[in-house]
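Trainee: Structure file final05.cif (mmCIF, C-alpha atoms and all ligand atoms) right here:
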data_final
loop_
_atom_site.label_atom_id
_atom_site.label_comp_id
_atom_site.auth_asym_id
_atom_site.auth_seq_id
_atom_site.Cartn_x
_atom_site.Cartn_y
_atom_site.Cartn_z
CA MET A 298 0.00 0.00 0.00
CA ILE A 299 1.33 3.46 -0.87
CA ARG A 300 0.54 6.39 1.42
CA GLN A 301 -1.44 9.20 -0.16
CA ASP A 302 -1.14 11.92 2.48
CA THR A 303 2.24 13.38 1.57
CA ASP A 304 1.27 16.99 2.27
CA CYS A 305 2.35 17.17 5.90
CA THR A 306 3.25 20.83 6.39
CA SER A 307 2.19 21.53 9.97
CA GLY A 308 2.41 19.87 13.36
CA PRO A 309 5.42 17.89 14.55
CA ILE A 310 7.79 16.29 12.10
CA LYS A 311 7.74 12.60 12.90
CA ILE A 312 10.91 10.57 12.52
CA GLY A 313 10.99 6.81 13.00
CA VAL A 314 13.81 5.35 15.10
CA LEU A 315 14.89 1.70 14.85
CA TYR A 316 17.62 0.99 17.38
CA SER A 317 17.60 -2.11 19.59
CA SER A 318 17.57 -1.95 23.37
CA SER A 319 18.01 -5.70 23.70
CA GLY A 320 19.88 -8.32 21.71
CA ALA A 321 23.45 -8.89 20.56
CA THR A 322 24.34 -5.36 19.42
CA ALA A 323 22.24 -3.40 21.93
CA ALA A 324 25.28 -1.71 23.54
CA ALA A 325 26.25 0.04 20.30
CA GLU A 326 22.64 0.74 19.32
CA ARG A 327 21.97 2.31 22.72
CA THR A 328 24.66 4.91 21.94
CA GLN A 329 22.92 5.60 18.61
CA LEU A 330 19.50 5.92 20.24
CA GLN A 331 20.84 8.33 22.86
CA ALA A 332 22.66 10.40 20.23
CA THR A 333 19.43 10.63 18.23
CA LEU A 334 17.49 11.75 21.31
CA LEU A 335 20.20 14.28 22.19
CA ALA A 336 20.24 15.81 18.72
CA ALA A 337 16.43 15.94 18.50
CA GLU A 338 16.25 17.66 21.88
CA GLU A 339 18.87 20.18 20.79
CA ILE A 340 16.96 20.91 17.59
CA ASN A 341 13.68 21.30 19.49
CA ARG A 342 15.23 23.51 22.16
CA ALA A 343 16.47 25.80 19.40
CA GLY A 344 12.89 26.22 18.12
CA GLY A 345 12.46 23.02 16.10
CA VAL A 346 12.56 23.01 12.32
CA LEU A 347 10.74 26.06 10.93
CA GLY A 348 8.85 26.16 14.21
CA ARG A 349 7.84 22.49 14.00
CA GLU A 350 8.99 20.06 16.68
CA ILE A 351 10.87 16.89 15.85
CA GLU A 352 8.88 13.97 17.26
CA LEU A 353 10.71 10.66 17.47
CA VAL A 354 8.74 7.43 17.19
CA CYS A 355 11.10 4.85 18.72
CA LEU A 356 10.48 1.12 18.26
CA ASP A 357 12.72 -1.71 19.50
CA PRO A 358 13.61 -4.32 16.84
CA GLN A 359 15.59 -6.47 19.33
CA CYS A 360 18.42 -7.07 16.85
CA GLU A 361 16.24 -9.29 14.60
CA PRO A 362 16.50 -8.37 10.87
CA ARG A 363 12.89 -9.44 10.19
CA ARG A 364 11.62 -7.22 13.01
CA TYR A 365 13.47 -4.19 11.58
CA ALA A 366 11.65 -4.70 8.28
CA ASP A 367 8.25 -5.20 9.95
CA LEU A 368 8.71 -2.19 12.22
CA ALA A 369 9.87 -0.01 9.32
CA GLU A 370 6.60 -0.88 7.57
CA GLN A 371 4.69 -0.12 10.76
CA LEU A 372 6.43 3.24 11.12
CA ILE A 373 5.55 4.21 7.56
CA LEU A 374 1.99 2.90 7.38
CA GLU A 375 0.71 3.29 10.94
CA HIS A 376 2.82 6.10 12.37
CA ARG A 377 2.97 7.98 9.06
CA VAL A 378 6.70 8.64 9.14
CA ARG A 379 8.64 9.29 5.94
CA ILE A 380 12.10 9.28 7.47
CA VAL A 381 13.66 6.48 9.52
CA VAL A 382 16.98 6.57 11.37
CA GLY A 383 18.41 3.30 12.53
CA CYS A 384 19.84 -0.18 11.94
CA TYR A 385 23.26 -1.37 13.11
CA MET A 386 24.08 -4.76 11.60
CA SER A 387 24.15 -4.70 7.81
CA SER A 388 21.75 -7.65 7.81
CA THR A 389 19.19 -5.34 9.43
CA ARG A 390 19.81 -2.49 6.95
CA LYS A 391 19.46 -4.90 4.04
CA ALA A 392 16.21 -6.21 5.54
CA VAL A 393 14.78 -2.68 5.76
CA ILE A 394 15.83 -1.23 2.39
CA PRO A 395 13.13 -2.91 0.24
CA THR A 396 10.44 -1.46 2.54
CA ILE A 397 12.07 1.98 2.54
CA GLU A 398 12.40 1.97 -1.26
CA ARG A 399 8.88 0.61 -1.87
CA HIS A 400 7.37 3.53 0.06
CA ASN A 401 9.92 6.07 -1.18
CA ALA A 402 10.91 6.80 2.41
CA LEU A 403 14.43 7.76 3.58
CA LEU A 404 16.75 5.75 5.85
CA PHE A 405 19.69 7.35 7.68
CA TYR A 406 22.28 4.68 8.52
CA ALA A 407 24.96 5.63 11.07
CA THR A 408 27.16 2.52 11.30
CA PRO A 409 30.50 1.65 9.68
CA TYR A 410 29.84 -1.01 7.10
CA GLU A 411 31.21 -3.21 4.31
CA GLY A 412 30.22 -1.10 1.28
CA PHE A 413 29.10 -2.46 -2.10
CA GLU A 414 25.74 -0.78 -1.81
CA TYR A 415 23.92 2.33 -2.96
CA SER A 416 20.29 3.24 -2.56
CA ARG A 417 18.94 6.65 -3.40
CA ASN A 418 16.68 6.17 -0.36
CA VAL A 419 19.57 5.70 2.08
CA ILE A 420 21.99 8.28 3.49
CA TYR A 421 25.10 6.44 4.75
CA THR A 422 26.83 8.41 7.53
CA GLY A 423 29.07 5.61 8.88
CA ALA A 424 32.41 4.71 7.32
CA ALA A 425 32.66 2.88 3.99
CA PRO A 426 35.51 0.34 3.41
CA ASN A 427 37.98 2.95 2.10
CA GLN A 428 37.36 4.90 5.32
CA ASN A 429 37.84 1.95 7.69
CA THR A 430 39.23 -1.30 6.18
CA LEU A 431 41.78 0.36 3.88
CA PRO A 432 43.32 2.59 6.59
CA LEU A 433 43.39 -0.36 8.99
CA ALA A 434 45.10 -2.57 6.38
CA GLY A 435 47.62 0.18 5.60
CA PHE A 436 48.49 0.63 9.26
CA MET A 437 48.59 -3.04 10.27
CA LEU A 438 50.47 -4.33 7.23
CA THR A 439 53.11 -1.62 7.65
CA HIS A 440 53.61 -1.90 11.39
CA TYR A 441 52.86 -5.54 12.24
CA GLY A 442 53.24 -7.77 9.17
CA SER A 443 51.05 -9.61 6.72
CA ARG A 444 50.27 -13.05 8.23
CA VAL A 445 46.69 -12.45 9.33
CA CYS A 446 43.98 -14.43 11.14
CA MET A 447 40.40 -13.25 10.60
CA VAL A 448 37.52 -13.80 12.95
CA GLY A 449 34.04 -12.44 12.41
CA SER A 450 30.38 -12.77 13.31
CA ASP A 451 28.39 -14.94 10.95
CA TYR A 452 26.62 -12.44 8.67
CA VAL A 453 27.15 -10.22 5.66
CA CYS A 454 29.31 -7.35 6.99
CA PRO A 455 32.13 -9.61 8.26
CA TYR A 456 32.08 -11.75 5.06
CA GLU A 457 32.40 -8.71 2.83
CA SER A 458 34.90 -6.83 5.02
CA ASN A 459 37.09 -9.95 5.14
CA ARG A 460 36.87 -10.26 1.37
CA VAL A 461 38.23 -6.72 0.98
CA MET A 462 40.88 -7.27 3.66
CA SER A 463 41.90 -10.61 2.06
CA ASP A 464 42.38 -8.93 -1.33
CA LEU A 465 44.53 -6.20 0.23
CA ILE A 466 46.68 -8.76 2.06
CA LEU A 467 47.11 -11.14 -0.87
CA GLU A 468 47.88 -8.30 -3.31
CA ARG A 469 50.77 -7.32 -1.03
CA GLY A 470 52.19 -10.84 -0.84
CA GLY A 471 50.74 -11.56 2.59
CA GLU A 472 48.95 -14.63 3.86
CA LYS A 473 45.46 -15.22 5.26
CA VAL A 474 46.33 -17.79 7.91
CA ASP A 475 42.81 -18.49 9.18
CA GLU A 476 39.23 -17.24 8.69
CA THR A 477 36.52 -18.14 11.21
CA TYR A 478 32.90 -17.06 11.63
CA LEU A 479 30.98 -17.45 14.87
CA PRO A 480 27.22 -17.13 15.38
CA LEU A 481 25.98 -13.99 17.13
CA ASP A 482 25.08 -16.09 20.18
CA ALA A 483 28.40 -18.00 20.31
CA ARG A 484 29.63 -18.67 23.84
CA TRP A 485 32.84 -18.33 25.80
CA GLU A 486 34.05 -21.84 24.86
CA ASN A 487 33.68 -21.04 21.16
CA TYR A 488 35.79 -17.89 21.50
CA LEU A 489 38.31 -19.77 23.63
CA ASP A 490 38.74 -22.37 20.87
CA VAL A 491 39.36 -19.59 18.34
CA ALA A 492 41.88 -17.85 20.62
CA LYS A 493 43.77 -21.11 21.20
CA ARG A 494 43.95 -21.78 17.47
CA ILE A 495 45.17 -18.23 16.83
CA ARG A 496 47.89 -18.60 19.45
CA GLN A 497 49.10 -21.79 17.73
CA LEU A 498 49.06 -20.16 14.28
CA SER A 499 51.04 -17.17 15.58
CA PRO A 500 49.85 -14.50 13.07
CA ASP A 501 51.18 -10.94 12.92
CA PHE A 502 47.72 -9.59 13.82
CA ILE A 503 44.06 -10.57 14.02
CA PHE A 504 41.40 -8.80 11.97
CA SER A 505 38.16 -8.95 13.94
CA THR A 506 34.76 -8.22 12.47
CA VAL A 507 32.97 -9.68 15.47
CA VAL A 508 30.07 -7.47 16.57
CA GLY A 509 28.00 -7.12 19.71
CA GLU A 510 28.34 -9.23 22.84
CA GLY A 511 30.89 -11.51 21.16
CA ILE A 512 33.46 -8.69 21.06
CA SER A 513 34.04 -8.81 24.78
CA LEU A 514 34.23 -12.65 24.72
CA LEU A 515 36.82 -12.59 21.94
CA TYR A 516 39.08 -10.05 23.67
CA ARG A 517 38.77 -11.88 27.01
CA ALA A 518 39.62 -15.23 25.39
CA PHE A 519 42.60 -13.58 23.71
CA GLN A 520 43.85 -12.38 27.10
CA TYR A 521 43.06 -15.75 28.73
CA VAL A 522 45.35 -17.67 26.34
CA GLY A 523 48.16 -15.20 27.01
CA LEU A 524 48.34 -13.30 23.71
CA ASP A 525 49.99 -9.85 24.03
CA PRO A 526 48.04 -6.98 22.37
CA TYR A 527 51.21 -4.92 21.98
CA ARG A 528 52.83 -7.71 19.91
CA THR A 529 49.84 -9.33 18.21
CA PRO A 530 46.90 -6.92 18.40
CA ILE A 531 43.32 -7.41 17.39
CA ALA A 532 42.55 -4.83 14.69
CA SER A 533 38.90 -3.92 14.14
CA HIS A 534 36.51 -1.34 12.78
CA THR A 535 33.63 -2.41 15.01
CA THR A 536 35.20 -2.49 18.48
CA SER A 537 34.42 0.87 20.07
CA GLU A 538 34.29 2.66 23.41
CA ALA A 539 30.91 0.99 24.07
CA GLU A 540 32.38 -2.52 23.92
CA VAL A 541 35.59 -1.48 25.69
CA ALA A 542 33.42 -0.21 28.57
CA LEU A 543 31.79 -3.65 28.76
CA MET A 544 35.00 -5.72 28.66
CA GLY A 545 37.14 -3.38 30.78
CA SER A 546 40.29 -1.51 29.83
CA ASP A 547 42.49 -4.22 31.40
CA VAL A 548 41.25 -6.56 28.64
CA ALA A 549 41.12 -4.03 25.79
CA GLU A 550 44.34 -2.08 26.31
CA GLY A 551 46.74 -2.24 23.36
CA HIS A 552 44.19 -3.35 20.73
CA ILE A 553 43.57 -1.22 17.64
CA THR A 554 40.48 0.21 15.97
CA SER A 555 40.00 2.23 12.81
CA ALA A 556 37.11 4.72 13.00
CA ALA A 557 36.13 8.22 11.95
CA TYR A 558 35.49 9.22 15.56
CA PHE A 559 36.86 8.50 19.01
CA GLN A 560 35.54 9.95 22.24
CA SER A 561 39.09 11.17 22.95
CA ILE A 562 39.12 13.69 20.06
CA GLU A 563 40.37 16.95 21.54
CA THR A 564 38.29 19.49 19.67
CA GLU A 565 35.99 22.10 21.10
CA ALA A 566 33.04 20.73 19.09
CA ASN A 567 33.59 17.24 20.47
CA ARG A 568 34.12 18.33 24.06
CA ALA A 569 30.95 20.43 23.95
CA ALA A 570 28.83 17.64 22.41
CA LEU A 571 30.17 15.13 24.93
CA ALA A 572 29.42 17.48 27.83
CA ARG A 573 25.80 17.84 26.68
CA TYR A 574 25.52 14.07 26.14
CA GLN A 575 26.92 13.10 29.52
CA ALA A 576 24.88 15.77 31.32
CA ARG A 577 21.79 14.19 29.76
CA PHE A 578 22.63 10.47 29.95
CA GLY A 579 25.26 10.16 32.69
CA ASP A 580 28.99 10.72 33.04
CA ASP A 581 29.90 7.14 32.22
CA SER A 582 27.83 6.90 29.00
CA PRO A 583 30.31 5.89 26.29
CA ALA A 584 30.40 7.76 23.00
CA ASN A 585 31.71 6.06 19.87
CA MET A 586 31.73 6.28 16.06
CA CYS A 587 28.10 5.11 15.89
CA TRP A 588 27.03 7.66 18.48
CA GLU A 589 28.68 10.49 16.59
CA ALA A 590 27.25 9.55 13.19
CA ALA A 591 23.76 9.15 14.71
CA TYR A 592 24.18 12.60 16.27
CA PHE A 593 25.38 14.53 13.24
CA GLN A 594 22.97 12.88 10.79
CA MET A 595 20.02 14.31 12.78
CA HIS A 596 21.47 17.81 12.43
CA LEU A 597 22.05 17.30 8.70
CA LEU A 598 18.49 16.06 8.36
CA ALA A 599 17.08 19.07 10.23
CA ASP A 600 19.09 21.39 7.97
CA ALA A 601 17.74 19.61 4.87
CA ILE A 602 14.13 19.89 6.09
CA ARG A 603 14.67 23.59 6.77
CA ARG A 604 15.89 24.11 3.22
CA VAL A 605 12.96 22.40 1.48
CA ARG A 606 10.37 23.30 4.17
CA THR A 607 9.00 19.74 4.23
CA ASP A 608 9.94 16.19 5.19
CA ASP A 609 8.98 14.92 1.73
CA PRO A 610 11.76 12.42 0.83
CA THR A 611 11.69 13.32 -2.86
CA LEU A 612 12.55 16.93 -2.05
CA LEU A 613 15.01 15.99 0.68
CA GLN A 614 16.87 13.74 -1.76
CA ARG A 615 17.57 16.84 -3.84
CA VAL A 616 19.18 18.90 -1.05
CA LEU A 617 20.91 16.30 1.14
CA PRO A 618 23.78 15.61 -1.28
CA GLY A 619 26.38 18.31 -0.72
CA LEU A 620 25.15 19.31 2.76
CA GLU A 621 27.87 19.87 5.36
CA PHE A 622 27.94 19.95 9.16
CA ASP A 623 30.57 20.70 11.81
CA ALA A 624 30.41 17.32 13.52
CA PRO A 625 32.43 16.33 16.61
CA GLN A 626 34.96 14.60 14.26
CA GLY A 627 35.29 17.71 12.04
CA ARG A 628 33.37 19.02 9.05
CA VAL A 629 31.49 16.24 7.24
CA ARG A 630 29.73 16.36 3.90
CA ILE A 631 27.18 14.15 2.19
CA ASP A 632 28.62 13.11 -1.15
CA GLU A 633 26.80 14.37 -4.24
CA HIS A 634 27.34 11.11 -6.11
CA ASN A 635 26.92 8.19 -3.74
CA ASN A 636 24.88 9.31 -0.66
CA HIS A 637 27.79 8.34 1.59
CA THR A 638 29.68 10.85 3.75
CA TYR A 639 33.10 12.49 3.58
CA LEU A 640 34.69 11.49 6.93
CA HIS A 641 37.98 11.92 8.82
CA PRO A 642 39.47 8.42 9.31
CA LEU A 643 41.58 7.74 12.41
CA ILE A 644 43.54 4.85 13.88
CA GLY A 645 43.28 4.46 17.65
CA ARG A 646 44.79 2.19 20.27
CA VAL A 647 42.98 1.47 23.54
CA ASN A 648 44.79 2.95 26.54
CA GLY A 649 44.67 2.08 30.24
CA ALA A 650 41.73 4.43 30.81
CA GLY A 651 39.57 2.62 28.23
CA GLN A 652 39.84 5.47 25.71
CA PHE A 653 41.55 5.44 22.31
CA ASP A 654 44.92 7.11 21.89
CA ILE A 655 44.85 8.46 18.36
CA ILE A 656 47.95 7.11 16.62
CA GLY A 657 47.11 8.07 13.06
CA ARG A 658 44.76 10.43 11.28
CA ALA A 659 43.95 11.28 7.68
CA PRO A 660 45.31 14.74 6.80
CA GLU A 661 41.94 15.73 5.33
CA ARG A 662 38.42 14.39 5.10
CA VAL A 663 38.05 11.41 2.77
CA LYS A 664 35.41 10.87 0.11
CA ALA A 665 33.68 7.49 0.44
CA ASP A 666 34.49 4.86 -2.17
CA PRO A 667 31.76 2.35 -1.27
CA TYR A 668 32.60 -0.05 -4.10
CA VAL A 669 36.36 -0.01 -3.29
CA VAL A 670 37.31 1.02 -6.81
CA SER A 671 40.82 1.80 -5.52
CA HIS A 672 42.85 -0.70 -3.50
CA THR A 673 45.53 1.87 -2.62
CA THR A 674 46.00 2.05 1.13
CA PRO A 675 46.32 5.69 2.29
CA ARG A 676 49.88 6.98 2.68
CA TRP A 677 49.24 8.49 6.12
CA THR A 678 48.67 5.03 7.61
CA ALA A 679 52.26 4.00 6.83
CA GLN A 680 53.56 7.20 8.47
CA ALA A 681 51.43 6.78 11.61
CA VAL A 682 53.41 5.86 14.68
CA ALA A 683 52.67 3.27 17.30
CA HIS A 684 52.42 5.84 20.11
CA SER A 685 49.93 8.54 20.94
CA VAL A 686 49.62 11.67 18.78
CA PRO A 687 47.40 14.45 20.17
CA TYR A 688 44.49 14.99 17.81
CA GLY A 689 45.02 17.95 15.53
CA VAL A 690 48.82 17.87 15.72
CA GLN A 691 50.38 17.52 12.27
CA ARG A 692 53.61 15.58 12.17
C1 LIG B 701 27.81 -3.70 10.41
O1 LIG B 701 27.19 -4.76 10.27
N1 LIG B 701 27.70 -2.74 9.50
C2 LIG B 701 28.68 -3.47 11.57
#
Can you give me the file's structure in the form of structure tokens?
Ligand code: ACM
Mentor:
Amino acid sequence: MIRQDTDCTSGPIKIGVLYSSSGATAAAERTQLQATLLAAEEINRAGGVLGREIELVCLDPQCEPRRYADLAEQLILEHRVRIVVGCYMSSTRKAVIPTIERHNALLFYATPYEGFEYSRNVIYTGAAPNQNTLPLAGFMLTHYGSRVCMVGSDYVCPYESNRVMSDLILERGGEKVDETYLPLDARWENYLDVAKRIRQLSPDFIFSTVVGEGISLLYRAFQYVGLDPYRTPIASHTTSEAEVALMGSDVAEGHITSAAYFQSIETEANRAALARYQARFGDDSPANMCWEAAYFQMHLLADAIRRVRTDDPTLLQRVLPGLEFDAPQGRVRIDEHNNHTYLHPLIGRVNGAGQFDIIGRAPERVKADPYVVSHTTPRWTAQAVAHSVPYGVQR
């Protein structure tokens, strides 16, 4: 069924929100939900959009791809929303897209992902592979070596990210020593088996695309079998401050993540956003790359609605490409050609306080290359050093 009532020009602007409060990836999705609430409250406090309030309609899909699709339909048909923010795992985004496209709605997706996708009905504000996997490969292959074990959760994002990482390793004469996938509900013993096998294989580093609750189990198992993160780190683009808070810094210290945002970024914009966030949700609420993208995409959306004076997706699609915003990571921009976002990639290493020391940063924001047309790893990743560099300091 197609909605007929597209002339919604007064009253609150309803936005559907699909982040899970329970299930495997709830810790990361909670940061996205809170960032969305924070941004909406900021927009409303400043007078709303053209005097209209943002009203969030939040539903809990419990990390089940089918439920995301059903609830997206419910948001559009019953709650009359035309814009949805949400989804974490790529399996959930892929479940939702046919519904979003069928109703010509818009989805804002704020999670780093595997690429190889474009929909004119999706705005991708998380990192694409050239903004996460390529920098990570450049850094790890330069500083640690090219014998690599891969471990991931059993769904599409890890398969595809490992495919890209495998190509980069093999093209450079390296070796994929092992590749393992574990179900989202895998247990401690399963992770322990993987860690024991990795110890025996003695790789130069481990590329992890494990998501959710399994992240903490993997890092704990790694510590349990006596692997040293400073010699053989786990490198990831999904392990963030949210998961580090769950596993503890004693377990996470020394491991490496590639992301376009870390809570430790020392900019005025970041410090101010964090202060507002922690005043609202508590001093120990972790912020991470998903939090930041969920936050800035709401501000970009509000700006777009202001420009076209409506939440009609067809009109929004015309103004969103090219829009910019001073996000906590720096100035971001929605690409005119691919609906992804220019971001500022970083490499971070977990320190003893559970934060990321930034040990490498792109000299300028990077255009997304979602289909990985270029396999060139960025030059700055080879120059990055294995100790802390204060954010903003050019070496
Ligand atoms: C992911 O599935 N995009 C983390």
Trainee: Nearest to ligand LIG 701 (chain B) among A:Ala407, A:Ala591, A:Val629, A:Ala650, with distances taken over all atoms listed in the file: which residue is it?
Mentor: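 Looking at the shortest contact to ligand LIG 701 (chain B), the residue is A:Ala407.
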Trainee: At a cut-off of 7 Å and counting all atoms listed in the file, what residues surround ligand LIG 701 (chain B)? Please answer as a PDB file with C-alpha atoms, in the coordinates of the input.
Mentor:
ATOM      1  CA  TYR A 385      23.260  -1.370  13.110  1.00  0.00           C
ATOM      2  CA  MET A 386      24.080  -4.760  11.600  1.00  0.00           C
ATOM      3  CA  SER A 387      24.150  -4.700   7.810  1.00  0.00           C
ATOM      4  CA  SER A 388      21.750  -7.650   7.810  1.00  0.00           C
ATOM      5  CA  THR A 408      27.160   2.520  11.300  1.00  0.00           C
ATOM      6  CA  PRO A 409      30.500   1.650   9.680  1.00  0.00           C
ATOM      7  CA  TYR A 410      29.840  -1.010   7.100  1.00  0.00           C
ATOM      8  CA  GLU A 411      31.210  -3.210   4.310  1.00  0.00           C
ATOM      9  CA  CYS A 454      29.310  -7.350   6.990  1.00  0.00           C
ATOM     10  CA  VAL A 508      30.070  -7.470  16.570  1.00  0.00           C
ATOM     11  CA  THR A 535      33.630  -2.410  15.010  1.00  0.00           C
TER      12      THR A 535
END
Trainee: Please tabulate, as CSV, the residues of region 653-676 of chain A that come within 12 Å of region 415-419 of chain A, each with its closest pair of atoms and the distance in Å to one decimal, counting all atoms listed in the file and ordering rows by chain, then residue number upward.
Mentor:
residue,atom,partner,partner_atom,distance
A:Ala665,CA,A:Tyr415,CA,11.6
A:Asp666,CA,A:Tyr415,CA,10.9
A:Pro667,CA,A:Tyr415,CA,8.0
A:Tyr668,CA,A:Tyr415,CA,9.1
Trainee: Those residues with C-alpha atoms, as a compact mmCIF listing (two decimals), in the frame of the given file please?
Mentor:
# COMPACT_ATOMS: atom_id res chain seq x y z
CA ALA A 665 33.68 7.49 0.44
CA ASP A 666 34.49 4.86 -2.17
CA PRO A 667 31.76 2.35 -1.27
CA TYR A 668 32.60 -0.05 -4.10
Trainee: Per residue of region 519-572 of chain A within 10 Å of region 480-489 of chain A, note the shortest atom pair and the distance in Å to one decimal, counting all atoms listed in the file, and order the rows by chain and increasing residue number, as CSV.
Mentor:
residue,atom,partner,partner_atom,distance
A:Phe519,CA,A:Leu489,CA,7.5
A:Gln520,CA,A:Leu489,CA,9.9
A:Tyr521,CA,A:Leu489,CA,8.0
A:Val522,CA,A:Leu489,CA,7.8
Trainee: If you keep C-alpha atoms, can you produce a file of those selected residues as a short mmCIF file (atom, residue, chain, number, x, y, z; two decimals), keeping the file's coordinate frame?
Mentor:
data_model
loop_
_atom_site.label_atom_id
_atom_site.label_comp_id
_atom_site.auth_asym_id
_atom_site.auth_seq_id
_atom_site.Cartn_x
_atom_site.Cartn_y
_atom_site.Cartn_z
CA PHE A 519 42.60 -13.58 23.71
CA GLN A 520 43.85 -12.38 27.10
CA TYR A 521 43.06 -15.75 28.73
CA VAL A 522 45.35 -17.67 26.34
#
Trainee: Which residue, A:His440, A:Arg628, A:Arg646, A:Arg460, has the smallest gap to Asn567 (chain A) when you use all atoms listed in the file?
Mentor: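 Between A:His440, A:Arg628, A:Arg646, A:Arg460, the residue approaching Asn567 (chain A) most closely is A:Arg628.
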Trainee: If you count all atoms listed in the file, which residues fall within 6 Å of region 338-349 of chain A, apart from same-chain ones fewer than 2 positions away, as a ChimeraX atom specification?
Mentor: /A:309,335-336,603
Trainee: Using all atoms listed in the file, which protein or nucleic acid residues come within 9 Å of His672 (chain A)? Drop anything in the same chain fewer than 5 positions from it, and give the result as a ChimeraX atom specification.
Mentor: /A:427,431,461,464-465
Trainee: If we count only C-alpha atoms and set the cut-off at 8 Å, which residues sit around Gly645 (chain A), ignoring sequence neighbours fewer than 4 positions away in its own chain? Please answer as a tab-separated table (two decimals) with C-alpha atoms, in the coordinates of the input.
Mentor:
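So the final result, stored in part14.tsv, reads:
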chain	number	residue	atom	x	y	z
A	553	ILE	CA	43.57	-1.22	17.64
A	554	THR	CA	40.48	0.21	15.97
A	555	SER	CA	40.00	2.23	12.81
A	556	ALA	CA	37.11	4.72	13.00
A	559	PHE	CA	36.86	8.50	19.01
A	653	PHE	CA	41.55	5.44	22.31
A	654	ASP	CA	44.92	7.11	21.89
A	655	ILE	CA	44.85	8.46	18.36
A	656	ILE	CA	47.95	7.11	16.62
A	657	GLY	CA	47.11	8.07	13.06
Trainee: Can you tell me how far CA of Glu589 (chain A) sits from CA of Glu661 (chain A), in Å to one decimal?
Mentor: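 Computed distance, CA of Glu589 (chain A) to CA of Glu661 (chain A), equals 18.2 Å.
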Trainee: Could you check which of A:Thr506, A:Ser319, A:Gln329, A:Thr607 is closest to Asn429 (chain A), using all atoms listed in the file?
Mentor: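 That would be A:Thr506, the residue with the smallest distance to Asn429 (chain A).
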Trainee: Name the closest residue to Asp609 (chain A) among the candidates A:Ile380, A:Leu498, A:Ala492, A:Ala323; distances are taken between atoms, counting all atoms listed in the file.
Mentor: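 Using all atoms listed in the file, the shortest distance to Asp609 (chain A) belongs to A:Ile380.
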Trainee: Could you tell me how far CA of His641 (chain A) sits from CA of Ser505 (chain A), in Å to one decimal place?
Mentor: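 Taking CA of Ser505 (chain A) and CA of His641 (chain A), their separation equals 21.5 Å.
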Trainee: Choose the residue, out of A:Ala434, A:Ile420, A:Cys360, A:Val445, that has the smallest atom-to-atom separation from Leu597 (chain A); count only C-alpha atoms.
Mentor: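 Checking each of A:Ala434, A:Ile420, A:Cys360, A:Val445 against Leu597 (chain A), counting only C-alpha atoms, the winner is A:Ile420.
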Trainee: Taking into account all atoms listed in the file, which residue in the set A:Asn635, A:Val393, A:Glu621, A:Leu334 is nearest to Arg577 (chain A)?
Mentor: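 Ranking A:Asn635, A:Val393, A:Glu621, A:Leu334 by distance to Arg577 (chain A), first place goes to A:Leu334.
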Trainee: Can you measure CA of Asp357 (chain A) to CA of Leu315 (chain A) for me? One decimal in Å is fine.
Mentor: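 Computing the Euclidean distance for CA of Asp357 (chain A) and CA of Leu315 (chain A) yields 6.2 Å.
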